[in-house]
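Source file run-v3.cif; content: mmCIF, C-alpha atoms and all ligand atoms.
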```cif
data_start
#
loop_
_atom_site.label_atom_id
_atom_site.label_comp_id
_atom_site.auth_asym_id
_atom_site.auth_seq_id
_atom_site.Cartn_x
_atom_site.Cartn_y
_atom_site.Cartn_z
CA MET G 21 -6.62 -5.32 -33.85
CA SER G 22 -9.43 -7.08 -35.68
CA PHE G 23 -12.74 -7.41 -33.96
CA GLY G 24 -12.41 -11.21 -34.05
CA LEU G 25 -9.07 -11.14 -32.27
CA PHE G 26 -10.31 -8.60 -29.75
CA PHE G 27 -13.38 -10.70 -29.07
CA THR G 28 -11.28 -13.83 -28.58
CA LEU G 29 -8.95 -11.99 -26.22
CA ALA G 30 -11.84 -10.50 -24.28
CA ILE G 31 -13.45 -13.90 -23.84
CA THR G 32 -10.12 -15.42 -22.80
CA VAL G 33 -9.68 -12.73 -20.17
CA LEU G 34 -13.24 -13.09 -18.96
CA MET G 35 -12.99 -16.85 -18.75
CA SER G 36 -9.55 -16.89 -17.19
CA ASP G 37 -10.56 -16.65 -13.57
CA GLN G 38 -14.09 -16.64 -12.30
CA ARG G 39 -13.34 -17.56 -8.73
CA PRO G 40 -14.53 -15.21 -6.01
CA TYR G 41 -11.86 -12.69 -5.17
CA SER G 42 -11.51 -13.99 -1.64
CA GLU G 43 -10.39 -17.39 -2.94
CA GLN G 44 -7.81 -16.03 -5.29
CA PRO G 45 -4.23 -16.57 -4.22
CA PRO G 46 -2.27 -13.39 -3.61
CA ALA G 47 -0.63 -12.30 -6.82
CA ALA G 48 3.08 -12.92 -7.06
CA GLU G 49 5.09 -9.85 -6.24
CA ASP G 50 6.54 -9.79 -9.68
CA CYS G 51 5.79 -6.19 -10.44
CA THR G 52 8.33 -3.54 -9.63
CA PRO G 53 6.61 -0.19 -9.70
CA ALA G 54 8.32 2.73 -11.34
CA GLU G 55 9.90 5.18 -8.91
CA GLU G 56 7.24 7.79 -9.55
CA THR G 57 4.28 5.45 -9.10
CA PRO G 58 2.34 6.63 -6.04
CA ALA G 59 1.65 3.91 -3.50
CA CYS G 60 -2.09 4.33 -3.80
CA ALA G 61 -1.94 3.66 -7.54
CA LEU G 62 -1.01 0.04 -6.94
CA PRO G 63 -3.61 -2.64 -6.34
CA SER G 64 -3.81 -4.59 -3.10
CA HIS G 65 -2.93 -8.19 -2.53
CA VAL G 66 -4.74 -9.09 0.65
CA ARG G 67 -7.53 -11.46 1.58
CA ILE G 68 -10.57 -10.21 3.42
CA ALA G 69 -12.05 -12.87 5.67
CA GLU G 70 -15.76 -13.23 4.98
CA ASP G 71 -16.48 -14.43 8.53
CA GLY G 72 -18.27 -11.76 10.40
CA LEU G 73 -19.21 -9.65 7.39
CA ARG G 74 -22.82 -8.50 7.68
CA VAL G 75 -23.35 -8.53 3.94
CA THR G 76 -22.17 -11.37 1.74
CA ARG G 77 -23.20 -11.98 -1.84
CA THR G 78 -22.71 -14.71 -4.39
CA GLU G 79 -20.41 -14.10 -7.32
CA ALA G 80 -23.44 -13.67 -9.60
CA GLU G 81 -24.98 -11.15 -7.21
CA TRP G 82 -21.79 -9.09 -7.09
CA ARG G 83 -21.51 -9.04 -10.84
CA ALA G 84 -25.16 -8.06 -11.20
CA ARG G 85 -24.81 -5.24 -8.67
CA LEU G 86 -21.54 -3.71 -9.85
CA THR G 87 -20.26 -2.39 -13.15
CA PRO G 88 -17.14 -4.17 -14.44
CA GLU G 89 -14.97 -1.26 -13.21
CA GLN G 90 -16.61 -1.26 -9.78
CA TYR G 91 -16.13 -5.03 -9.59
CA ARG G 92 -12.47 -4.79 -10.60
CA VAL G 93 -11.73 -2.25 -7.89
CA ALA G 94 -14.10 -3.21 -5.06
CA ARG G 95 -13.99 -7.00 -5.37
CA ASP G 96 -10.64 -7.62 -7.08
CA HIS G 97 -8.70 -5.00 -5.11
CA GLY G 98 -7.84 -3.02 -8.21
CA THR G 99 -7.06 0.68 -8.49
CA GLU G 100 -8.58 3.25 -10.80
CA PRO G 101 -6.51 5.89 -12.59
CA ALA G 102 -5.67 9.14 -10.80
CA PHE G 103 -7.62 12.21 -11.95
CA ARG G 104 -9.80 10.00 -14.16
CA ASN G 105 -12.37 8.88 -11.64
CA ALA G 106 -15.73 10.22 -10.54
CA TYR G 107 -15.07 11.92 -7.21
CA TRP G 108 -11.42 13.02 -6.93
CA ASN G 109 -12.44 16.63 -7.45
CA ASN G 110 -16.01 16.45 -6.12
CA LYS G 111 -16.54 19.32 -3.70
CA GLU G 112 -20.27 18.90 -3.16
CA PRO G 113 -21.41 18.34 0.41
CA GLY G 114 -22.67 14.83 0.99
CA LEU G 115 -22.18 11.21 1.85
CA TYR G 116 -19.93 8.59 0.27
CA ARG G 117 -21.48 5.15 0.63
CA CYS G 118 -19.83 1.79 -0.03
CA VAL G 119 -20.71 0.71 -3.56
CA GLY G 120 -21.08 -2.87 -2.34
CA CYS G 121 -23.59 -2.42 0.48
CA ASP G 122 -24.47 1.31 0.85
CA ALA G 123 -22.78 1.63 4.26
CA PRO G 124 -21.98 5.31 4.95
CA LEU G 125 -18.17 5.26 4.94
CA PHE G 126 -16.98 8.81 4.32
CA GLY G 127 -18.38 12.34 4.48
CA SER G 128 -17.53 15.47 2.53
CA ASP G 129 -16.58 17.28 5.76
CA ASP G 130 -13.53 14.99 5.98
CA LYS G 131 -12.67 15.16 2.26
CA TYR G 132 -9.72 17.27 1.21
CA ASP G 133 -7.58 17.89 -1.84
CA SER G 134 -4.51 15.71 -1.40
CA GLY G 135 -3.25 16.45 -4.92
CA THR G 136 -3.11 12.73 -5.68
CA GLY G 137 -6.08 12.53 -8.04
CA TRP G 138 -8.07 10.18 -5.82
CA PRO G 139 -10.78 11.08 -3.33
CA SER G 140 -8.94 11.62 -0.04
CA PHE G 141 -10.37 11.76 3.45
CA SER G 142 -8.79 12.52 6.82
CA GLN G 143 -11.00 9.94 8.56
CA PRO G 144 -13.96 7.63 8.00
CA LEU G 145 -17.38 8.57 9.38
CA ASP G 146 -17.21 5.69 11.85
CA ASP G 147 -14.23 3.42 12.49
CA ARG G 148 -16.56 0.47 12.97
CA LEU G 149 -17.61 0.58 9.33
CA VAL G 150 -14.08 0.47 7.97
CA GLY G 151 -11.64 -2.42 8.25
CA THR G 152 -7.94 -2.54 7.46
CA GLN G 153 -5.40 -5.19 6.51
CA THR G 154 -1.65 -5.02 6.17
CA ASP G 155 -0.70 -5.20 2.50
CA ARG G 156 2.91 -6.24 1.86
CA SER G 157 2.82 -6.35 -1.94
CA TYR G 158 5.33 -4.51 -4.17
CA GLY G 159 7.98 -4.54 -1.45
CA MET G 160 6.03 -1.98 0.57
CA VAL G 161 4.07 -2.15 3.78
CA ARG G 162 0.75 -0.45 3.17
CA THR G 163 -2.53 -0.50 5.05
CA GLU G 164 -5.39 -1.60 2.84
CA VAL G 165 -8.85 -0.21 3.62
CA HIS G 166 -12.11 -2.07 3.06
CA CYS G 167 -15.75 -1.81 4.04
CA ALA G 168 -16.22 -3.73 7.29
CA VAL G 169 -19.82 -4.53 6.37
CA CYS G 170 -19.35 -6.25 3.00
CA GLY G 171 -15.57 -6.51 2.60
CA SER G 172 -15.38 -4.39 -0.56
CA HIS G 173 -11.93 -2.94 -1.15
CA GLN G 174 -11.79 0.85 -0.80
CA GLY G 175 -8.13 1.86 -1.08
CA HIS G 176 -5.28 2.47 1.36
CA VAL G 177 -4.61 4.67 4.36
CA PHE G 178 -1.31 6.53 4.75
CA PRO G 179 0.18 8.38 7.74
CA ASP G 180 0.62 11.70 5.95
CA GLY G 181 -2.82 13.27 6.32
CA PRO G 182 -3.67 16.79 7.45
CA GLY G 183 -6.13 16.15 10.30
CA PRO G 184 -5.46 15.63 14.00
CA GLY G 185 -5.21 11.88 13.32
CA GLY G 186 -2.58 12.50 10.65
CA LEU G 187 -4.20 10.03 8.26
CA ARG G 188 -4.91 10.13 4.54
CA TYR G 189 -7.52 7.70 3.30
CA CYS G 190 -6.77 7.34 -0.40
CA ILE G 191 -9.99 5.84 -1.74
CA ASN G 192 -11.18 4.71 -5.16
CA SER G 193 -14.24 6.47 -6.57
CA ALA G 194 -15.31 3.12 -8.05
CA SER G 195 -15.76 1.75 -4.52
CA LEU G 196 -18.01 4.63 -3.52
CA ARG G 197 -21.43 6.00 -4.37
CA PHE G 198 -21.92 9.68 -3.61
CA GLU G 199 -25.17 11.17 -2.38
CA ALA G 200 -25.46 14.96 -2.11
CA MET G 201 -26.81 15.98 1.30
CA GLY G 202 -26.10 18.33 4.20
CA SER G 203 -23.99 17.47 7.25
CA ALA G 204 -27.06 16.88 9.43
CA ALA G 205 -28.44 14.33 6.95
CA VAL G 206 -25.04 12.62 6.81
CA SER G 207 -25.05 12.27 10.61
CA GLU G 208 -28.60 10.97 10.48
CA ALA G 209 -27.77 8.35 7.83
CA LEU G 210 -24.76 7.25 9.86
CA ALA G 211 -26.73 7.00 13.11
CA GLU G 212 -29.41 4.93 11.37
CA TRP G 213 -26.80 2.49 10.13
CA THR G 214 -24.78 2.14 13.29
CA ALA G 215 -27.95 1.63 15.36
CA ALA G 216 -29.19 -1.09 13.03
CA LEU G 217 -25.79 -2.81 13.00
CA ALA G 218 -25.59 -2.66 16.80
CA ASP G 219 -29.00 -4.34 16.94
CA GLY G 220 -27.74 -7.04 14.61
CA GLY G 221 -30.25 -5.82 12.09
CA GLY G 222 -29.72 -5.43 8.41
CA ALA G 223 -29.55 -1.75 7.63
CA ALA G 224 -27.77 -2.85 4.51
CA GLU G 225 -30.55 -4.63 2.69
ZN ZN B 301 -19.71 -2.37 1.90
#
```
Now, as a test, write the supplied structure out as C-alpha cells.
Amino acid sequence: MSFGLFFTLAITVLMSDQRPYSEQPPAAEDCTPAEETPACALPSHVRIAEDGLRVTRTEAEWRARLTPEQYRVARDHGTEPAFRNAYWNNKEPGLYRCVGCDAPLFGSDDKYDSGTGWPSFSQPLDDRLVGTQTDRSYGMVRTEVHCAVCGSHQGHVFPDGPGPGGLRYCINSASLRFEAMGSAAVSEALAEWTAALADGGGAAE
C-alpha cells in the first residue's frame, strides 16, 4: 500500500466517527464469531450511563489522557489481542488501577493464570468500584465490566472462575495501569479511595 493511500485511509477512519462512545448506537450484530473465538475476545456493545459517574471527561480530555489503543478499548469497548498485551503474564505484586481515572480496581492477590491470554482476576478489590452491564451482542449473553467511577470499559466477567465466588474477570491490559506494591499498600490505596468516594470527595483528580 502506498503511503498516500494509507494516509487517506487513516484519515478516513479517524474522521469517520468522532462522537463520544456513549452516544454511539450499538453496533449491528452482524458479526458471527468463529467457533474457537473466546467470548472475552469480542468487543462489547453496551452503553454506560454517564449519570452518577464521579469522573467525566470531554472527548478531547479522553483523547489527551489515553493512547489510541487505550481509547479504543476503554472508551470504545474494544478488546486487545490475547497474549499480546501488557499484563496477561504479569506476576508482580501490586495494584491495577483504571486507566481512565486511577481507581484501584484489581489487586495481584486476586490475579490468576486463566490460560486465556488476558489478565484474569477472581474478584475486584471493591465491588463498589466496578459496574456491570448485560451485553447481548454476538448472540451471547455476557456481563460487561466497567469502572464505576469513570465508566471506562474493562472487559467481561464469566461464571467459571476458581475462587469462592466462582467468577473470572477477563480484563484488558489497555484498561489498566499497574503499580508494583505490597498487599498492605494496595489495601491502603483502596481505603483512601473508598473513603474519599464515600465523602463525595474526588479521590480521582
Ligand atoms: Zn475509571
Mind dumping a table of every chain G residue within 6 Å of ligand ZN 301 (chain B), with the nearest atom pair and its distance in Å to one decimal, using only C-alpha atoms and all ligand atoms, sorted by chain and rising number, as JSON lines?
```
{"residue": "G:Cys118", "atom": "CA", "partner": "B:ZN301", "partner_atom": "ZN", "distance": 4.6}
{"residue": "G:Gly120", "atom": "CA", "partner": "B:ZN301", "partner_atom": "ZN", "distance": 4.5}
{"residue": "G:Cys121", "atom": "CA", "partner": "B:ZN301", "partner_atom": "ZN", "distance": 4.1}
{"residue": "G:Ala123", "atom": "CA", "partner": "B:ZN301", "partner_atom": "ZN", "distance": 5.6}
{"residue": "G:Cys167", "atom": "CA", "partner": "B:ZN301", "partner_atom": "ZN", "distance": 4.5}
{"residue": "G:Val169", "atom": "CA", "partner": "B:ZN301", "partner_atom": "ZN", "distance": 5.0}
{"residue": "G:Cys170", "atom": "CA", "partner": "B:ZN301", "partner_atom": "ZN", "distance": 4.0}
{"residue": "G:Gly171", "atom": "CA", "partner": "B:ZN301", "partner_atom": "ZN", "distance": 5.9}
{"residue": "G:Ser172", "atom": "CA", "partner": "B:ZN301", "partner_atom": "ZN", "distance": 5.4}
```
| query | If you measure from CA of Arg117 in chain G to CA of Leu196 in chain G, what distance in Å do you get, rounded to one decimal? | reply | 5.4 Å
| query | Pick from G:Ala94, G:Arg85, G:Leu115, G:Asn105: nearest to Ala204 in chain G, with all atoms listed in the file counted? | reply |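 Under the stated criterion, the closest residue is G:Leu115.
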| query | For the atom pair CA of Asp180 in chain G and CA of Phe141 in chain G, what is the interatomic distance in Å to one decimal place? | reply |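 For CA of Asp180 in chain G relative to CA of Phe141 in chain G, the distance reads 11.3 Å.
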| field | Residue neighbourhood Val206 in chain G, 10 Å, all atoms listed in the file, exclusion window fewer than 3 positions, as a ChimeraX atom specification | value | /G:113-116,124,126-129,145,199-203,209-212
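Rounded to one decimal, CA of Lys131 in chain G and CA of Glu164 in chain G lie 18.3 Å from each other.
Shortest separation to Thr136 in chain G among G:Asp96, G:Gln153, G:Cys60, G:Gly72 occurs at residue G:Cys60, atoms counted being only C-alpha atoms.
Using all atoms listed in the file, the smallest distance between any of G:Leu149, G:Glu100, G:Trp108, G:Arg95 and Trp82 in chain G comes from G:Arg95.
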| task | Pick out the closest residue to Ala106 in chain G from this set: G:Glu89, G:Asp122, G:Asp155, G:Glu208. Count only C-alpha atoms. | result |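 That would be G:Glu89, the residue with the smallest distance to Ala106 in chain G.
Restricting the calculation to only C-alpha atoms, the smallest distance between Lys111 in chain G and any of G:Pro184, G:Pro144, G:Gly151, G:Pro139 is found for G:Pro139.
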